[in-house]
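Asks: The file below is model-v1.txt, compact mmCIF, C-alpha atoms:
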```
# COMPACT_ATOMS: atom_id res chain seq x y z
CA MET S 1 34.76 4.74 -2.94
CA VAL S 2 31.25 3.71 -3.90
CA THR S 3 30.69 2.80 -7.55
CA MET S 4 27.56 2.55 -9.64
CA VAL S 5 26.11 -0.81 -10.65
CA GLU S 6 27.13 -2.02 -14.10
CA LYS S 7 24.83 -0.82 -16.86
CA ASP S 8 23.64 -4.33 -17.82
CA LYS S 9 22.88 -5.43 -14.26
CA SER S 10 19.36 -5.00 -12.95
CA ILE S 11 19.01 -3.80 -9.38
CA PHE S 12 15.59 -5.43 -9.00
CA SER S 13 14.18 -8.47 -10.76
CA LEU S 14 10.59 -8.49 -11.98
CA GLU S 15 9.85 -11.18 -9.39
CA GLN S 16 11.11 -8.92 -6.59
CA VAL S 17 8.94 -6.05 -7.76
CA THR S 18 5.77 -8.11 -8.24
CA GLU S 19 6.20 -10.40 -5.21
CA ASN S 20 3.39 -9.66 -2.79
CA ALA S 21 3.19 -12.47 -0.26
CA PRO S 22 0.41 -12.18 2.30
CA GLU S 23 1.29 -11.56 5.93
CA ASP S 24 -0.57 -12.50 9.09
CA LEU S 25 -2.35 -9.66 10.87
CA LYS S 26 -4.08 -10.12 14.23
CA ILE S 27 -6.34 -7.95 16.32
CA PRO S 28 -6.46 -9.92 19.60
CA GLY S 29 -9.98 -10.96 20.52
CA LEU S 30 -11.53 -9.52 17.36
CA TRP S 31 -10.01 -10.68 14.09
CA GLU S 32 -7.11 -12.37 12.39
CA GLY S 33 -6.37 -12.78 8.73
CA LYS S 34 -3.86 -12.40 5.95
CA VAL S 35 -3.13 -9.10 4.26
CA ARG S 36 -0.93 -7.89 1.41
CA LEU S 37 -0.11 -4.65 -0.33
CA PRO S 38 -2.72 -3.50 -2.85
CA THR S 39 -1.87 -3.64 -6.53
CA ILE S 40 -2.09 -0.56 -8.71
CA LYS S 41 -5.06 -2.17 -10.47
CA GLU S 42 -6.86 -2.62 -7.13
CA LYS S 43 -6.15 0.96 -6.08
CA LEU S 44 -7.65 2.22 -9.34
CA SER S 45 -10.65 -0.14 -9.24
CA VAL S 46 -11.68 1.19 -5.83
CA ARG S 47 -12.57 4.51 -7.46
CA GLU S 48 -15.19 2.75 -9.57
CA GLU S 49 -16.42 0.38 -6.88
CA ILE S 50 -17.15 3.18 -4.45
CA LYS S 51 -19.81 4.41 -6.87
CA LYS S 52 -21.73 1.17 -6.23
CA LEU S 53 -22.30 2.12 -2.59
CA PRO S 54 -25.89 2.88 -1.64
CA PHE S 55 -26.45 6.62 -1.26
CA TYR S 56 -23.07 7.35 -2.91
CA ASP S 57 -24.40 10.58 -4.40
CA SER S 58 -25.45 11.86 -0.98
CA LEU S 59 -22.00 11.34 0.58
CA THR S 60 -19.75 14.35 1.13
CA ASP S 61 -16.32 14.40 -0.48
CA ASP S 62 -14.75 13.54 2.89
CA GLU S 63 -17.13 10.59 3.35
CA LYS S 64 -16.31 9.37 -0.17
CA LYS S 65 -12.57 9.51 0.59
CA LEU S 66 -13.14 7.62 3.85
CA GLU S 67 -15.15 4.91 2.11
CA GLU S 68 -12.51 4.72 -0.62
CA SER S 69 -9.82 4.03 1.99
CA LYS S 70 -12.03 1.38 3.63
CA LEU S 71 -12.62 -0.36 0.30
CA LEU S 72 -8.89 -0.27 -0.41
CA ALA S 73 -8.25 -1.87 2.99
CA MET S 74 -10.78 -4.58 2.05
CA LYS S 75 -8.76 -5.29 -1.11
CA MET S 76 -5.66 -5.82 1.03
CA ILE S 77 -7.38 -8.56 3.01
CA VAL S 78 -6.51 -11.87 1.35
CA GLU S 79 -8.09 -14.08 3.97
CA PRO S 80 -10.94 -14.02 4.87
CA ARG S 81 -12.17 -12.30 1.71
CA MET S 82 -15.14 -10.00 2.02
CA THR S 83 -17.56 -8.82 -0.64
CA LEU S 84 -18.97 -5.31 -0.81
CA SER S 85 -22.36 -6.70 0.23
CA GLU S 86 -20.83 -8.42 3.28
CA TYR S 87 -18.99 -5.21 4.18
CA LEU S 88 -22.24 -3.25 4.12
CA ASP S 89 -23.85 -5.79 6.49
CA CYS S 90 -21.01 -5.68 9.07
CA PRO S 91 -21.41 -3.95 12.42
CA ASP S 92 -19.88 -0.52 11.89
CA GLY S 93 -17.65 -0.49 14.99
CA LYS S 94 -16.07 -3.88 14.36
CA ILE S 95 -15.41 -3.45 10.66
CA ASN S 96 -13.96 0.03 11.23
CA ILE S 97 -11.46 -1.36 13.75
CA ILE S 98 -10.44 -4.11 11.31
CA LEU S 99 -10.13 -1.85 8.27
CA ASP S 100 -8.34 0.88 10.25
CA THR S 101 -5.84 -1.71 11.47
CA VAL S 102 -5.26 -2.90 7.90
CA SER S 103 -4.78 0.72 6.83
CA PHE S 104 -2.26 1.29 9.65
CA TRP S 105 -0.42 -1.87 8.56
CA TYR S 106 -0.33 -0.48 5.00
CA ALA S 107 0.94 2.92 6.17
CA THR S 108 3.70 1.18 8.13
CA LYS S 109 4.71 -0.86 5.07
CA LEU S 110 4.80 2.30 2.94
CA LYS S 111 6.99 4.03 5.53
CA ILE S 112 9.44 1.11 5.45
CA LEU S 113 9.53 1.25 1.63
CA ASN S 114 9.99 5.03 1.67
CA ASP S 115 12.86 4.69 4.16
CA LYS S 116 14.51 2.24 1.75
CA ARG S 117 13.95 4.70 -1.08
CA LYS S 118 15.63 7.41 0.98
CA ASP S 119 18.62 5.10 1.50
CA LEU S 120 18.79 4.51 -2.27
CA ILE S 121 18.62 8.24 -2.98
CA ASP S 122 21.36 8.91 -0.41
CA TYR S 123 23.47 6.18 -2.03
CA PHE S 124 22.84 7.62 -5.49
CA LEU S 125 23.84 11.11 -4.35
CA GLU S 126 26.96 9.75 -2.68
CA VAL S 127 27.95 8.08 -5.95
CA MET S 128 26.99 10.95 -8.23
CA ASN S 129 28.36 13.92 -6.27
CA PRO S 130 32.02 13.17 -7.03
CA GLN S 131 31.14 12.77 -10.71
CA ILE S 132 29.19 16.05 -10.74
CA GLU S 133 31.94 17.86 -8.85
CA GLY S 134 34.53 16.48 -11.29
CA LYS S 135 32.61 17.89 -14.28
CA LYS S 136 32.39 21.35 -12.70
CA LYS S 137 36.18 21.71 -12.64
```
Using structure tokens, write down the structure that the file contains.
Replies:
Amino acid sequence: MVTMVEKDKSIFSLEQVTENAPEDLKIPGLWEGKVRLPTIKEKLSVREEIKKLPFYDSLTDDEKKLEESKLLAMKMIVEPRMTLSEYLDCPDGKINIILDTVSFWYATKLKILNDKRKDLIDYFLEVMNPQIEGKKK
């Protein structure tokens, strides 16, 4: 039978939760760098930074969301770092391929984390169901 973790034991340490080591990401023939998951602070700051884009007010809501996702992808790039000004001067096709690849990497990482969360939920339900069933009797 599966049992719950002792009340005083932590499942995750603070270091495990905040650890965010960069990983290598390569687009053969175009780009290679280091990327990491965005922090909550970075995700929130993108909403303000997007307002600094030229012609921001003339962008549609869909265009604003697209630029927001591109800026978030830029935040995930640890090496080589890129400023907003440098981003705006990049050839559109190349930078879109790079930032889309970073976004796909991020989506893959989130899927892996969500799969782990599903496993934890399944484990929790397996542990709790006998206890819930016992209380119903």
Asks: Applying 12 Å and all atoms listed in the file, which residues near Leu113 (chain S) remain after dropping the ones on its own chain fewer than 6 positions away? List them as a PDB file with C-alpha atoms, keeping the file's coordinate frame.
Replies:
```pdb
ATOM      1  CA  VAL S  17       8.940  -6.050  -7.760  1.00  0.00           C
ATOM      2  CA  LEU S  37      -0.110  -4.650  -0.330  1.00  0.00           C
ATOM      3  CA  TYR S 106      -0.330  -0.480   5.000  1.00  0.00           C
ATOM      4  CA  ALA S 107       0.940   2.920   6.170  1.00  0.00           C
ATOM      5  CA  ASP S 119      18.620   5.100   1.500  1.00  0.00           C
ATOM      6  CA  LEU S 120      18.790   4.510  -2.270  1.00  0.00           C
TER       7      LEU S 120
END
```
Asks: Restricting the calculation to only C-alpha atoms, which member of S:Leu25, S:Ile112, S:Leu44, S:Ile132 is positioned closest to Glu68 (chain S)?
Replies: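 Ranking S:Leu25, S:Ile112, S:Leu44, S:Ile132 by distance to Glu68 (chain S), first place goes to S:Leu44.
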Asks: Under the rule that all atoms listed in the file are counted, which of S:Leu88, S:Leu71, S:Leu14, S:Leu99 is the nearest residue to Pro54 (chain S)?
Replies: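 Going through S:Leu88, S:Leu71, S:Leu14, S:Leu99 one by one, the smallest distance to Pro54 (chain S) is for S:Leu88.
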Asks: Return the single residue from S:Pro91, S:Ile77, S:Asp61, S:Glu133 that is closest to Trp105 (chain S), with distances computed using all atoms listed in the file.
Replies: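 Closest candidate: S:Ile77.
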Asks: Quick one: of S:Lys116, S:Lys111, S:Glu86, S:Ser69, who's nearest to Pro38 (chain S), counting only C-alpha atoms?
Replies: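 Closest candidate: S:Ser69.
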Asks: Which residues, written as a PyMOL selection string, have at least one atom at most 10 Å from Glu67 (chain S), with only C-alpha atoms counted and residues fewer than 4 positions away on the same chain left out?
Replies: chain S and resi 46-47+50+53+56+59+61-63+71-73
Asks: Neighbouring residues of Ile97 (chain S) were defined as those with any atom within 10 Å, considering all atoms listed in the file; residues of the same chain fewer than 5 positions away were excluded. Please report them as a PyMOL selection string.
Replies: chain S and resi 27+30-31+92+102-103
Asks: Calculate how many Å separate CA of Pro80 (chain S) from CA of Lys94 (chain S), rounding to one decimal.
Replies: 14.8 Å
Asks: Padding of 3 Å on every side, edges along x, y and z, all listed atoms of region 20-37 of chain S included: what centre and edge lengths in Å, to one decimal, does that box have, as lines of an AutoDock Vina configuration file?
Replies:
```
center_x = -4.1
center_y = -8.7
center_z = 8.9
size_x = 20.9
size_y = 14.1
size_z = 29.3
```
Asks: Tell me, in Å to one decimal, how far CA of Glu42 (chain S) is from CA of Phe55 (chain S).
Replies: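 Separation between CA of Glu42 (chain S) and CA of Phe55 (chain S): 22.4 Å.
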Asks: With all atoms listed in the file as the basis for distance, which of S:Ile121, S:Glu32, S:Asn20, S:Met74 is at the shortest distance from Asp100 (chain S)?
Replies: S:Met74
Asks: Can you tell me how far CA of Lys26 (chain S) sits from CA of Ile95 (chain S), in Å to one decimal?
Replies: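 Separating CA of Lys26 (chain S) from CA of Ile95 (chain S) is a distance of 13.6 Å.
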Asks: Of the residues S:Lys70, S:Lys41, S:Arg117, S:Lys51, which is the one nearest to Ile98 (chain S), using all atoms listed in the file?
Replies: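 That would be S:Lys70, the residue with the smallest distance to Ile98 (chain S).
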